[in-house]
$ cat input_4.cif   # mmCIF, N, CA and C atoms
data_data
#
loop_
_atom_site.label_atom_id
_atom_site.label_comp_id
_atom_site.auth_asym_id
_atom_site.auth_seq_id
_atom_site.Cartn_x
_atom_site.Cartn_y
_atom_site.Cartn_z
N MET A 1 19.78 0.71 97.09
CA MET A 1 19.63 1.81 98.02
C MET A 1 18.37 2.61 97.73
N THR A 2 17.69 2.23 96.65
CA THR A 2 16.49 2.96 96.24
C THR A 2 15.26 2.07 96.39
N THR A 3 14.25 2.62 97.00
CA THR A 3 12.97 1.93 97.11
C THR A 3 11.99 2.64 96.20
N PHE A 4 11.50 1.89 95.22
CA PHE A 4 10.51 2.43 94.30
C PHE A 4 9.12 2.04 94.78
N ARG A 5 8.15 2.87 94.50
CA ARG A 5 6.78 2.65 94.98
C ARG A 5 6.23 1.29 94.60
N SER A 6 6.45 0.85 93.40
CA SER A 6 5.86 -0.41 92.95
C SER A 6 6.94 -1.43 92.63
N ASP A 7 7.98 -1.46 93.43
CA ASP A 7 9.13 -2.32 93.10
C ASP A 7 8.88 -3.82 93.28
N THR A 8 7.73 -4.18 93.80
CA THR A 8 7.41 -5.62 93.85
C THR A 8 6.50 -6.02 92.70
N GLU A 9 6.10 -5.08 91.89
CA GLU A 9 5.26 -5.36 90.72
C GLU A 9 6.17 -5.66 89.54
N VAL A 10 6.72 -6.86 89.55
CA VAL A 10 7.63 -7.30 88.49
C VAL A 10 6.98 -8.44 87.73
N VAL A 11 7.49 -8.70 86.53
CA VAL A 11 6.97 -9.78 85.73
C VAL A 11 7.09 -11.09 86.50
N ASP A 12 6.15 -11.97 86.32
CA ASP A 12 6.13 -13.22 87.06
C ASP A 12 7.09 -14.23 86.43
N ARG A 13 8.36 -14.00 86.63
CA ARG A 13 9.43 -14.86 86.14
C ARG A 13 10.46 -15.00 87.25
N PRO A 14 11.23 -16.06 87.23
CA PRO A 14 12.27 -16.23 88.26
C PRO A 14 13.29 -15.10 88.22
N ILE A 15 13.69 -14.66 89.40
CA ILE A 15 14.70 -13.61 89.54
C ILE A 15 15.86 -14.20 90.33
N ARG A 16 17.05 -14.07 89.79
CA ARG A 16 18.25 -14.55 90.48
C ARG A 16 19.21 -13.38 90.63
N ILE A 17 19.64 -13.15 91.86
CA ILE A 17 20.53 -12.04 92.18
C ILE A 17 21.84 -12.64 92.70
N PHE A 18 22.95 -12.21 92.12
CA PHE A 18 24.27 -12.68 92.53
C PHE A 18 25.09 -11.48 92.96
N GLY A 19 25.74 -11.59 94.11
CA GLY A 19 26.56 -10.47 94.58
C GLY A 19 27.60 -10.93 95.56
N GLY A 20 28.50 -10.03 95.84
CA GLY A 20 29.59 -10.35 96.74
C GLY A 20 29.48 -9.66 98.08
N ALA A 21 29.90 -10.37 99.10
CA ALA A 21 29.91 -9.80 100.46
C ALA A 21 30.92 -8.65 100.57
N SER A 22 31.91 -8.64 99.68
CA SER A 22 32.92 -7.57 99.70
C SER A 22 32.55 -6.39 98.82
N ASP A 23 31.38 -6.42 98.22
CA ASP A 23 30.97 -5.33 97.33
C ASP A 23 30.65 -4.09 98.17
N ASP A 24 31.50 -3.07 98.03
CA ASP A 24 31.26 -1.82 98.76
C ASP A 24 30.79 -0.71 97.80
N TYR A 25 30.42 -1.11 96.59
CA TYR A 25 29.86 -0.18 95.61
C TYR A 25 28.33 -0.22 95.72
N ASN A 26 27.79 -1.41 95.51
CA ASN A 26 26.36 -1.68 95.68
C ASN A 26 26.25 -2.92 96.58
N PRO A 27 26.35 -2.74 97.87
CA PRO A 27 26.40 -3.88 98.79
C PRO A 27 25.20 -4.82 98.67
N ILE A 28 25.51 -6.11 98.70
CA ILE A 28 24.45 -7.11 98.60
C ILE A 28 23.52 -7.05 99.81
N ALA A 29 24.01 -6.55 100.92
CA ALA A 29 23.15 -6.42 102.10
C ALA A 29 21.92 -5.56 101.79
N ALA A 30 22.08 -4.60 100.89
CA ALA A 30 20.95 -3.74 100.52
C ALA A 30 19.95 -4.49 99.65
N CYS A 31 20.39 -5.55 99.00
CA CYS A 31 19.48 -6.34 98.15
C CYS A 31 18.58 -7.25 98.98
N LYS A 32 19.04 -7.60 100.15
CA LYS A 32 18.31 -8.58 100.97
C LYS A 32 16.90 -8.12 101.33
N PRO A 33 16.70 -6.88 101.78
CA PRO A 33 15.32 -6.46 102.08
C PRO A 33 14.43 -6.45 100.83
N TYR A 34 15.01 -6.07 99.70
CA TYR A 34 14.23 -6.08 98.45
C TYR A 34 13.84 -7.50 98.07
N ALA A 35 14.79 -8.42 98.15
CA ALA A 35 14.48 -9.82 97.86
C ALA A 35 13.39 -10.33 98.80
N ALA A 36 13.46 -9.94 100.06
CA ALA A 36 12.45 -10.36 101.03
C ALA A 36 11.08 -9.79 100.67
N ARG A 37 11.04 -8.53 100.22
CA ARG A 37 9.76 -7.93 99.81
C ARG A 37 9.19 -8.66 98.59
N LEU A 38 10.07 -9.02 97.66
CA LEU A 38 9.62 -9.75 96.48
C LEU A 38 9.08 -11.12 96.87
N GLN A 39 9.80 -11.81 97.76
CA GLN A 39 9.35 -13.12 98.21
C GLN A 39 8.00 -13.01 98.92
N ALA A 40 7.84 -11.99 99.75
CA ALA A 40 6.57 -11.78 100.45
C ALA A 40 5.43 -11.51 99.46
N ALA A 41 5.79 -10.96 98.31
CA ALA A 41 4.79 -10.71 97.26
C ALA A 41 4.58 -11.94 96.38
N GLY A 42 5.20 -13.07 96.76
CA GLY A 42 5.00 -14.32 96.04
C GLY A 42 5.89 -14.52 94.83
N LYS A 43 6.96 -13.75 94.72
CA LYS A 43 7.85 -13.87 93.57
C LYS A 43 8.93 -14.92 93.82
N ASP A 44 9.38 -15.55 92.74
CA ASP A 44 10.43 -16.57 92.79
C ASP A 44 11.78 -15.86 92.73
N VAL A 45 12.34 -15.59 93.90
CA VAL A 45 13.60 -14.84 94.01
C VAL A 45 14.60 -15.65 94.81
N VAL A 46 15.83 -15.72 94.29
CA VAL A 46 16.93 -16.34 95.02
C VAL A 46 18.10 -15.38 94.98
N LEU A 47 18.62 -15.06 96.14
CA LEU A 47 19.77 -14.19 96.27
C LEU A 47 20.97 -15.05 96.67
N THR A 48 22.04 -15.00 95.87
CA THR A 48 23.24 -15.77 96.16
C THR A 48 24.37 -14.81 96.47
N GLU A 49 25.01 -15.03 97.61
CA GLU A 49 26.09 -14.16 98.08
C GLU A 49 27.41 -14.94 98.07
N TYR A 50 28.42 -14.34 97.47
CA TYR A 50 29.75 -14.93 97.44
C TYR A 50 30.62 -14.21 98.46
N PRO A 51 31.24 -14.96 99.39
CA PRO A 51 31.86 -14.34 100.57
C PRO A 51 33.00 -13.38 100.29
N ASN A 52 33.78 -13.57 99.25
CA ASN A 52 34.94 -12.70 99.02
C ASN A 52 34.82 -11.85 97.77
N ALA A 53 33.68 -11.88 97.14
CA ALA A 53 33.53 -11.23 95.84
C ALA A 53 33.27 -9.73 95.96
N PRO A 54 34.03 -8.93 95.19
CA PRO A 54 33.79 -7.49 95.14
C PRO A 54 32.78 -7.15 94.04
N HIS A 55 32.52 -5.88 93.87
CA HIS A 55 31.68 -5.42 92.77
C HIS A 55 32.35 -5.80 91.45
N SER A 56 31.58 -6.21 90.49
CA SER A 56 32.02 -6.67 89.16
C SER A 56 32.87 -7.94 89.23
N PHE A 57 32.56 -8.78 90.20
CA PHE A 57 33.34 -10.00 90.43
C PHE A 57 33.40 -10.93 89.23
N ASP A 58 32.45 -10.79 88.30
CA ASP A 58 32.41 -11.70 87.15
C ASP A 58 33.07 -11.12 85.90
N ASN A 59 33.73 -9.99 86.02
CA ASN A 59 34.42 -9.37 84.89
C ASN A 59 35.88 -9.81 84.88
N PRO A 60 36.26 -10.68 83.95
CA PRO A 60 37.64 -11.18 83.95
C PRO A 60 38.68 -10.11 83.66
N LEU A 61 38.28 -8.92 83.26
CA LEU A 61 39.22 -7.83 83.03
C LEU A 61 39.46 -7.02 84.30
N GLY A 62 38.74 -7.35 85.36
CA GLY A 62 38.86 -6.62 86.61
C GLY A 62 40.15 -6.93 87.35
N ALA A 63 40.51 -6.03 88.23
CA ALA A 63 41.74 -6.16 89.02
C ALA A 63 41.63 -7.32 90.00
N GLN A 64 42.77 -7.96 90.23
CA GLN A 64 42.88 -9.01 91.26
C GLN A 64 44.09 -8.69 92.12
N PRO A 65 43.95 -8.38 93.34
CA PRO A 65 42.69 -8.21 94.10
C PRO A 65 41.95 -6.94 93.66
N ALA A 66 40.77 -6.78 94.19
CA ALA A 66 39.96 -5.62 93.84
C ALA A 66 40.73 -4.34 94.10
N LYS A 67 40.44 -3.35 93.27
CA LYS A 67 41.15 -2.08 93.31
C LYS A 67 40.19 -0.94 93.63
N VAL A 68 40.67 0.03 94.39
CA VAL A 68 39.89 1.23 94.69
C VAL A 68 39.72 2.03 93.40
N GLN A 69 38.51 2.50 93.19
CA GLN A 69 38.20 3.37 92.05
C GLN A 69 37.91 4.77 92.60
N PRO A 70 38.94 5.60 92.75
CA PRO A 70 38.79 6.87 93.48
C PRO A 70 37.76 7.84 92.90
N THR A 71 37.49 7.77 91.62
CA THR A 71 36.54 8.73 91.03
C THR A 71 35.11 8.18 90.98
N PHE A 72 34.94 6.90 91.31
CA PHE A 72 33.60 6.31 91.27
C PHE A 72 32.81 6.76 92.50
N GLU A 73 31.51 6.94 92.32
CA GLU A 73 30.63 7.35 93.40
C GLU A 73 29.68 6.22 93.75
N SER A 74 29.51 5.99 95.03
CA SER A 74 28.59 4.97 95.51
C SER A 74 27.49 5.60 96.36
N VAL A 75 26.30 5.08 96.21
CA VAL A 75 25.17 5.53 97.03
C VAL A 75 24.95 4.58 98.21
N ARG A 76 25.97 3.78 98.54
CA ARG A 76 25.81 2.73 99.55
C ARG A 76 25.34 3.24 100.91
N ASN A 77 25.60 4.49 101.25
CA ASN A 77 25.17 5.05 102.53
C ASN A 77 23.88 5.84 102.42
N CYS A 78 23.30 5.86 101.23
CA CYS A 78 22.08 6.63 100.99
C CYS A 78 20.86 5.73 101.10
N ARG A 79 19.77 6.32 101.45
CA ARG A 79 18.47 5.68 101.39
C ARG A 79 17.61 6.58 100.53
N ILE A 80 17.28 6.10 99.37
CA ILE A 80 16.57 6.89 98.38
C ILE A 80 15.17 6.31 98.21
N GLN A 81 14.18 7.18 98.15
CA GLN A 81 12.79 6.75 98.02
C GLN A 81 12.14 7.45 96.84
N GLU A 82 11.29 6.71 96.14
CA GLU A 82 10.51 7.32 95.07
C GLU A 82 9.27 7.97 95.69
N GLU A 83 9.03 9.20 95.30
CA GLU A 83 7.85 9.94 95.73
C GLU A 83 6.92 10.15 94.54
N ASP A 84 5.96 11.04 94.69
CA ASP A 84 5.01 11.33 93.61
C ASP A 84 5.74 11.69 92.33
N GLU A 85 5.16 11.23 91.23
CA GLU A 85 5.62 11.54 89.89
C GLU A 85 7.08 11.14 89.65
N GLY A 86 7.54 10.12 90.36
CA GLY A 86 8.88 9.59 90.13
C GLY A 86 10.01 10.36 90.76
N LEU A 87 9.72 11.34 91.57
CA LEU A 87 10.77 12.12 92.22
C LEU A 87 11.51 11.23 93.22
N LEU A 88 12.83 11.20 93.13
CA LEU A 88 13.65 10.45 94.08
C LEU A 88 14.14 11.40 95.15
N ILE A 89 13.86 11.03 96.40
CA ILE A 89 14.30 11.88 97.51
C ILE A 89 15.28 11.13 98.39
N ASN A 90 16.11 11.88 99.07
CA ASN A 90 16.99 11.35 100.10
C ASN A 90 16.09 11.15 101.32
N ALA A 91 15.93 9.92 101.76
CA ALA A 91 15.00 9.61 102.85
C ALA A 91 15.40 10.30 104.15
N GLU A 92 16.68 10.57 104.32
CA GLU A 92 17.14 11.22 105.56
C GLU A 92 16.80 12.71 105.56
N THR A 93 17.07 13.39 104.44
CA THR A 93 16.86 14.84 104.39
C THR A 93 15.48 15.24 103.89
N LYS A 94 14.79 14.29 103.25
CA LYS A 94 13.48 14.53 102.62
C LYS A 94 13.58 15.52 101.46
N GLN A 95 14.78 15.74 100.94
CA GLN A 95 15.01 16.62 99.80
C GLN A 95 15.26 15.78 98.56
N PRO A 96 15.09 16.35 97.37
CA PRO A 96 15.41 15.59 96.16
C PRO A 96 16.84 15.07 96.22
N PHE A 97 17.01 13.82 95.84
CA PHE A 97 18.34 13.19 95.87
C PHE A 97 19.23 13.79 94.79
N THR A 98 20.50 14.04 95.15
CA THR A 98 21.51 14.43 94.17
C THR A 98 22.82 13.74 94.56
N TYR A 99 23.73 13.71 93.61
CA TYR A 99 25.05 13.13 93.88
C TYR A 99 25.93 14.09 94.67
N LYS A 100 25.37 15.17 95.15
CA LYS A 100 26.08 16.08 96.06
C LYS A 100 25.65 15.83 97.51
N ASP A 101 24.73 14.89 97.71
CA ASP A 101 24.26 14.58 99.06
C ASP A 101 25.42 14.05 99.91
N ALA A 102 25.35 14.28 101.20
CA ALA A 102 26.41 13.86 102.13
C ALA A 102 26.57 12.34 102.19
N CYS A 103 25.55 11.61 101.80
CA CYS A 103 25.62 10.15 101.87
C CYS A 103 26.48 9.53 100.76
N ILE A 104 26.81 10.29 99.75
CA ILE A 104 27.62 9.78 98.62
C ILE A 104 29.03 9.49 99.11
N VAL A 105 29.55 8.32 98.70
CA VAL A 105 30.89 7.88 99.08
C VAL A 105 31.71 7.72 97.80
N HIS A 106 32.96 8.15 97.85
CA HIS A 106 33.87 7.96 96.72
C HIS A 106 34.83 6.81 97.03
N GLY A 107 35.27 6.15 95.96
CA GLY A 107 36.33 5.16 96.11
C GLY A 107 35.91 3.74 96.42
N PRO A 108 34.82 3.24 95.84
CA PRO A 108 34.51 1.82 96.06
C PRO A 108 35.53 0.95 95.32
N HIS A 109 35.54 -0.30 95.67
CA HIS A 109 36.44 -1.27 95.03
C HIS A 109 35.72 -2.00 93.90
N THR A 110 36.46 -2.33 92.86
CA THR A 110 35.95 -3.22 91.82
C THR A 110 37.04 -4.24 91.51
N GLY A 111 36.64 -5.42 91.12
CA GLY A 111 37.63 -6.42 90.79
C GLY A 111 37.01 -7.75 90.41
N TYR A 112 37.87 -8.64 90.01
CA TYR A 112 37.47 -9.96 89.53
C TYR A 112 37.74 -11.01 90.59
N ASP A 113 36.77 -11.89 90.78
CA ASP A 113 36.95 -13.04 91.67
C ASP A 113 36.66 -14.29 90.84
N PRO A 114 37.70 -14.97 90.35
CA PRO A 114 37.48 -16.10 89.46
C PRO A 114 36.64 -17.21 90.07
N GLU A 115 36.80 -17.46 91.35
CA GLU A 115 36.02 -18.54 91.99
C GLU A 115 34.54 -18.18 92.05
N ALA A 116 34.23 -16.96 92.44
CA ALA A 116 32.83 -16.54 92.50
C ALA A 116 32.24 -16.47 91.09
N ALA A 117 33.03 -15.99 90.14
CA ALA A 117 32.55 -15.90 88.76
C ALA A 117 32.21 -17.29 88.23
N GLN A 118 33.07 -18.25 88.49
CA GLN A 118 32.81 -19.62 88.03
C GLN A 118 31.57 -20.20 88.71
N ALA A 119 31.45 -19.97 90.00
CA ALA A 119 30.28 -20.47 90.74
C ALA A 119 29.00 -19.85 90.20
N ALA A 120 29.03 -18.56 89.89
CA ALA A 120 27.84 -17.89 89.34
C ALA A 120 27.50 -18.45 87.96
N LYS A 121 28.51 -18.65 87.12
CA LYS A 121 28.27 -19.23 85.79
C LYS A 121 27.64 -20.62 85.91
N GLU A 122 28.16 -21.42 86.81
CA GLU A 122 27.61 -22.77 87.00
C GLU A 122 26.17 -22.69 87.49
N SER A 123 25.90 -21.77 88.39
CA SER A 123 24.55 -21.61 88.92
C SER A 123 23.58 -21.19 87.82
N VAL A 124 24.01 -20.25 86.98
CA VAL A 124 23.16 -19.78 85.89
C VAL A 124 22.94 -20.91 84.89
N ASN A 125 24.00 -21.64 84.56
CA ASN A 125 23.85 -22.77 83.62
C ASN A 125 22.88 -23.82 84.16
N THR A 126 23.01 -24.16 85.42
CA THR A 126 22.11 -25.14 86.04
C THR A 126 20.67 -24.63 86.02
N PHE A 127 20.51 -23.36 86.33
CA PHE A 127 19.19 -22.75 86.33
C PHE A 127 18.56 -22.81 84.93
N PHE A 128 19.32 -22.38 83.92
CA PHE A 128 18.79 -22.40 82.55
C PHE A 128 18.44 -23.81 82.11
N LYS A 129 19.29 -24.77 82.44
CA LYS A 129 19.01 -26.16 82.06
C LYS A 129 17.70 -26.63 82.70
N SER A 130 17.49 -26.23 83.92
CA SER A 130 16.27 -26.60 84.63
C SER A 130 15.04 -25.94 84.01
N VAL A 131 15.12 -24.63 83.81
CA VAL A 131 13.98 -23.86 83.29
C VAL A 131 13.62 -24.30 81.87
N PHE A 132 14.65 -24.49 81.04
CA PHE A 132 14.40 -24.80 79.64
C PHE A 132 14.45 -26.31 79.35
N LYS A 133 14.57 -27.07 80.43
CA LYS A 133 14.59 -28.54 80.33
C LYS A 133 15.62 -29.04 79.30
N LEU A 134 16.84 -28.53 79.48
CA LEU A 134 17.96 -28.90 78.61
C LEU A 134 18.77 -30.01 79.25
N ASN A 135 19.46 -30.76 78.45
CA ASN A 135 20.30 -31.84 79.00
C ASN A 135 21.64 -31.31 79.42
#
$ encode --input "input_4.cif" --output "structure tokens"
Amino acid sequence: MTTFRSDTEVVDRPIRIFGGASDDYNPIAACKPYAARLQAAGKDVVLTEYPNAPHSFDNPLGAQPAKVQPTFESVRNCRIQEEDEGLLINAETKQPFTYKDACIVHGPHTGYDPEAAQAAKESVNTFFKSVFKLN
């Protein structure tokens, strides 16, 4: 939900992003424009979306099904921008961002999705084997 001034100036290494379509804490939909900006900047980025996975889908201690976390705060409805000297502003109000802004939402879900977790582990293992030329 935050756009940093130089957020495409990343180390020239492969970037892999894994997320769930059911993530209402940090929605993967918000990652897509960033991944596109990185790709446009010539970076090796792959975004993988798991259709039923919630936030923290790879944590085996998480609730099944995902559980509402009433005290957790999400910036999912916020658009935050970095301004001069690192100041983060709410793009809608043009004021410094705070967790008291109207865009803050309480009660996102977190939970474990064993199928998505396994698929992500397999993807990471395959990726590492490829990069490090392992058998």
$ closest_residue --input "input_4.cif" --among "A:Pro33, A:Phe18, A:Val131, A:Cys78" --to "Glu49 in chain A" --atoms "only N, CA and C atoms"
A:Phe18
$ resolve_selection --input "input_4.cif" --expression "the PyMOL selection byres (((chain A and resi 79 and name CA) around 9) and name CA)" --output "PDB file with N, CA and C atoms, in the coordinates of the input"
ATOM      1  N   MET A   1      19.780   0.710  97.090  1.00  0.00           N
ATOM      2  CA  MET A   1      19.630   1.810  98.020  1.00  0.00           C
ATOM      3  C   MET A   1      18.370   2.610  97.730  1.00  0.00           C
ATOM      4  N   THR A   2      17.690   2.230  96.650  1.00  0.00           N
ATOM      5  CA  THR A   2      16.490   2.960  96.240  1.00  0.00           C
ATOM      6  C   THR A   2      15.260   2.070  96.390  1.00  0.00           C
ATOM      7  N   THR A   3      14.250   2.620  97.000  1.00  0.00           N
ATOM      8  CA  THR A   3      12.970   1.930  97.110  1.00  0.00           C
ATOM      9  C   THR A   3      11.990   2.640  96.200  1.00  0.00           C
ATOM     10  N   VAL A  75      26.300   5.080  96.210  1.00  0.00           N
ATOM     11  CA  VAL A  75      25.170   5.530  97.030  1.00  0.00           C
ATOM     12  C   VAL A  75      24.950   4.580  98.210  1.00  0.00           C
ATOM     13  N   ARG A  76      25.970   3.780  98.540  1.00  0.00           N
ATOM     14  CA  ARG A  76      25.810   2.730  99.550  1.00  0.00           C
ATOM     15  C   ARG A  76      25.340   3.240 100.910  1.00  0.00           C
ATOM     16  N   ASN A  77      25.600   4.490 101.250  1.00  0.00           N
ATOM     17  CA  ASN A  77      25.170   5.050 102.530  1.00  0.00           C
ATOM     18  C   ASN A  77      23.880   5.840 102.420  1.00  0.00           C
ATOM     19  N   CYS A  78      23.300   5.860 101.230  1.00  0.00           N
ATOM     20  CA  CYS A  78      22.080   6.630 100.990  1.00  0.00           C
ATOM     21  C   CYS A  78      20.860   5.730 101.100  1.00  0.00           C
ATOM     22  N   ILE A  80      17.280   6.100  99.370  1.00  0.00           N
ATOM     23  CA  ILE A  80      16.570   6.890  98.380  1.00  0.00           C
ATOM     24  C   ILE A  80      15.170   6.310  98.210  1.00  0.00           C
ATOM     25  N   GLN A  81      14.180   7.180  98.150  1.00  0.00           N
ATOM     26  CA  GLN A  81      12.790   6.750  98.020  1.00  0.00           C
ATOM     27  C   GLN A  81      12.140   7.450  96.840  1.00  0.00           C
ATOM     28  N   ILE A  89      13.860  11.030  96.400  1.00  0.00           N
ATOM     29  CA  ILE A  89      14.300  11.880  97.510  1.00  0.00           C
ATOM     30  C   ILE A  89      15.280  11.130  98.390  1.00  0.00           C
ATOM     31  N   ASN A  90      16.110  11.880  99.070  1.00  0.00           N
ATOM     32  CA  ASN A  90      16.990  11.350 100.100  1.00  0.00           C
ATOM     33  C   ASN A  90      16.090  11.150 101.320  1.00  0.00           C
ATOM     34  N   ALA A  91      15.930   9.920 101.760  1.00  0.00           N
ATOM     35  CA  ALA A  91      15.000   9.610 102.850  1.00  0.00           C
ATOM     36  C   ALA A  91      15.400  10.300 104.150  1.00  0.00           C
ATOM     37  N   GLU A  92      16.680  10.570 104.320  1.00  0.00           N
ATOM     38  CA  GLU A  92      17.140  11.220 105.560  1.00  0.00           C
ATOM     39  C   GLU A  92      16.800  12.710 105.560  1.00  0.00           C
ATOM     40  N   CYS A 103      25.550  11.610 101.800  1.00  0.00           N
ATOM     41  CA  CYS A 103      25.620  10.150 101.870  1.00  0.00           C
ATOM     42  C   CYS A 103      26.480   9.530 100.760  1.00  0.00           C
TER      43      CYS A 103
END
$ select_by_dssp --input "input_4.cif" --residues "range 57-130 of chain A" --states "helix (DSSP H, G or I)" --output "ChimeraX atom specification"
/A:84-86,114-130
$ select_by_dssp --input "input_4.cif" --residues "range 13-96 of chain A" --states "strand (DSSP E)" --output "PyMOL selection string"
chain A and resi 15-20+45-50+67-68+73-74+80-82+88-90
$ write_last_selection --input "input_4.cif" --atoms "N, CA and C atoms" --output "compact mmCIF listing (two decimals), keeping the file's coordinate frame"
# COMPACT_ATOMS: atom_id res chain seq x y z
N ILE A 15 13.69 -14.66 89.40
CA ILE A 15 14.70 -13.61 89.54
C ILE A 15 15.86 -14.20 90.33
N ARG A 16 17.05 -14.07 89.79
CA ARG A 16 18.25 -14.55 90.48
C ARG A 16 19.21 -13.38 90.63
N ILE A 17 19.64 -13.15 91.86
CA ILE A 17 20.53 -12.04 92.18
C ILE A 17 21.84 -12.64 92.70
N PHE A 18 22.95 -12.21 92.12
CA PHE A 18 24.27 -12.68 92.53
C PHE A 18 25.09 -11.48 92.96
N GLY A 19 25.74 -11.59 94.11
CA GLY A 19 26.56 -10.47 94.58
C GLY A 19 27.60 -10.93 95.56
N GLY A 20 28.50 -10.03 95.84
CA GLY A 20 29.59 -10.35 96.74
C GLY A 20 29.48 -9.66 98.08
N VAL A 45 12.34 -15.59 93.90
CA VAL A 45 13.60 -14.84 94.01
C VAL A 45 14.60 -15.65 94.81
N VAL A 46 15.83 -15.72 94.29
CA VAL A 46 16.93 -16.34 95.02
C VAL A 46 18.10 -15.38 94.98
N LEU A 47 18.62 -15.06 96.14
CA LEU A 47 19.77 -14.19 96.27
C LEU A 47 20.97 -15.05 96.67
N THR A 48 22.04 -15.00 95.87
CA THR A 48 23.24 -15.77 96.16
C THR A 48 24.37 -14.81 96.47
N GLU A 49 25.01 -15.03 97.61
CA GLU A 49 26.09 -14.16 98.08
C GLU A 49 27.41 -14.94 98.07
N TYR A 50 28.42 -14.34 97.47
CA TYR A 50 29.75 -14.93 97.44
C TYR A 50 30.62 -14.21 98.46
N LYS A 67 40.44 -3.35 93.27
CA LYS A 67 41.15 -2.08 93.31
C LYS A 67 40.19 -0.94 93.63
N VAL A 68 40.67 0.03 94.39
CA VAL A 68 39.89 1.23 94.69
C VAL A 68 39.72 2.03 93.40
N GLU A 73 31.51 6.94 92.32
CA GLU A 73 30.63 7.35 93.40
C GLU A 73 29.68 6.22 93.75
N SER A 74 29.51 5.99 95.03
CA SER A 74 28.59 4.97 95.51
C SER A 74 27.49 5.60 96.36
N ILE A 80 17.28 6.10 99.37
CA ILE A 80 16.57 6.89 98.38
C ILE A 80 15.17 6.31 98.21
N GLN A 81 14.18 7.18 98.15
CA GLN A 81 12.79 6.75 98.02
C GLN A 81 12.14 7.45 96.84
N GLU A 82 11.29 6.71 96.14
CA GLU A 82 10.51 7.32 95.07
C GLU A 82 9.27 7.97 95.69
N LEU A 88 12.83 11.20 93.13
CA LEU A 88 13.65 10.45 94.08
C LEU A 88 14.14 11.40 95.15
N ILE A 89 13.86 11.03 96.40
CA ILE A 89 14.30 11.88 97.51
C ILE A 89 15.28 11.13 98.39
N ASN A 90 16.11 11.88 99.07
CA ASN A 90 16.99 11.35 100.10
C ASN A 90 16.09 11.15 101.32
$ closest_residue --input "input_4.cif" --among "A:Leu87, A:Gly42, A:Asn52, A:Gly107" --to "Phe72 in chain A" --atoms "all atoms listed in the file"
A:Gly107
$ decode --input "input_4.cif" --residues "range 99-110 of chain A" --atoms "N, CA, C and O atoms" --output "short mmCIF file (atom, residue, chain, number, x, y, z; two decimals), in the first residue's frame"
data_model
loop_
_atom_site.label_atom_id
_atom_site.label_comp_id
_atom_site.auth_asym_id
_atom_site.auth_seq_id
_atom_site.Cartn_x
_atom_site.Cartn_y
_atom_site.Cartn_z
N TYR A 99 -1.76 5.74 11.91
CA TYR A 99 -2.69 4.63 12.08
C TYR A 99 -4.04 5.09 12.63
O TYR A 99 -4.91 4.28 12.93
N LYS A 100 -4.25 6.39 12.68
CA LYS A 100 -5.56 6.95 13.03
C LYS A 100 -6.31 7.39 11.78
O LYS A 100 -7.45 7.85 11.86
N ASP A 101 -5.68 7.24 10.61
CA ASP A 101 -6.32 7.63 9.36
C ASP A 101 -7.58 6.80 9.12
O ASP A 101 -7.65 5.63 9.53
N ALA A 102 -8.54 7.38 8.44
CA ALA A 102 -9.82 6.71 8.16
C ALA A 102 -9.66 5.46 7.31
O ALA A 102 -10.52 4.58 7.33
N CYS A 103 -8.57 5.35 6.59
CA CYS A 103 -8.37 4.19 5.71
C CYS A 103 -7.98 2.92 6.47
O CYS A 103 -8.03 1.81 5.92
N ILE A 104 -7.59 3.04 7.72
CA ILE A 104 -7.18 1.88 8.52
C ILE A 104 -8.39 0.99 8.79
O ILE A 104 -9.46 1.46 9.14
N VAL A 105 -8.18 -0.32 8.62
CA VAL A 105 -9.23 -1.31 8.82
C VAL A 105 -8.78 -2.26 9.94
O VAL A 105 -7.62 -2.66 9.97
N HIS A 106 -9.70 -2.61 10.81
CA HIS A 106 -9.42 -3.58 11.87
C HIS A 106 -10.03 -4.93 11.50
O HIS A 106 -11.04 -5.00 10.80
N GLY A 107 -9.39 -5.99 11.99
CA GLY A 107 -9.98 -7.32 11.85
C GLY A 107 -9.66 -8.10 10.61
O GLY A 107 -10.52 -8.83 10.10
N PRO A 108 -8.42 -8.03 10.09
CA PRO A 108 -8.10 -8.91 8.96
C PRO A 108 -8.03 -10.36 9.43
O PRO A 108 -7.96 -10.64 10.62
N HIS A 109 -8.05 -11.25 8.47
CA HIS A 109 -7.96 -12.68 8.76
C HIS A 109 -6.51 -13.16 8.64
O HIS A 109 -5.78 -12.67 7.78
N THR A 110 -6.15 -14.12 9.47
CA THR A 110 -4.87 -14.82 9.31
C THR A 110 -5.14 -16.31 9.47
O THR A 110 -6.06 -16.71 10.18
#
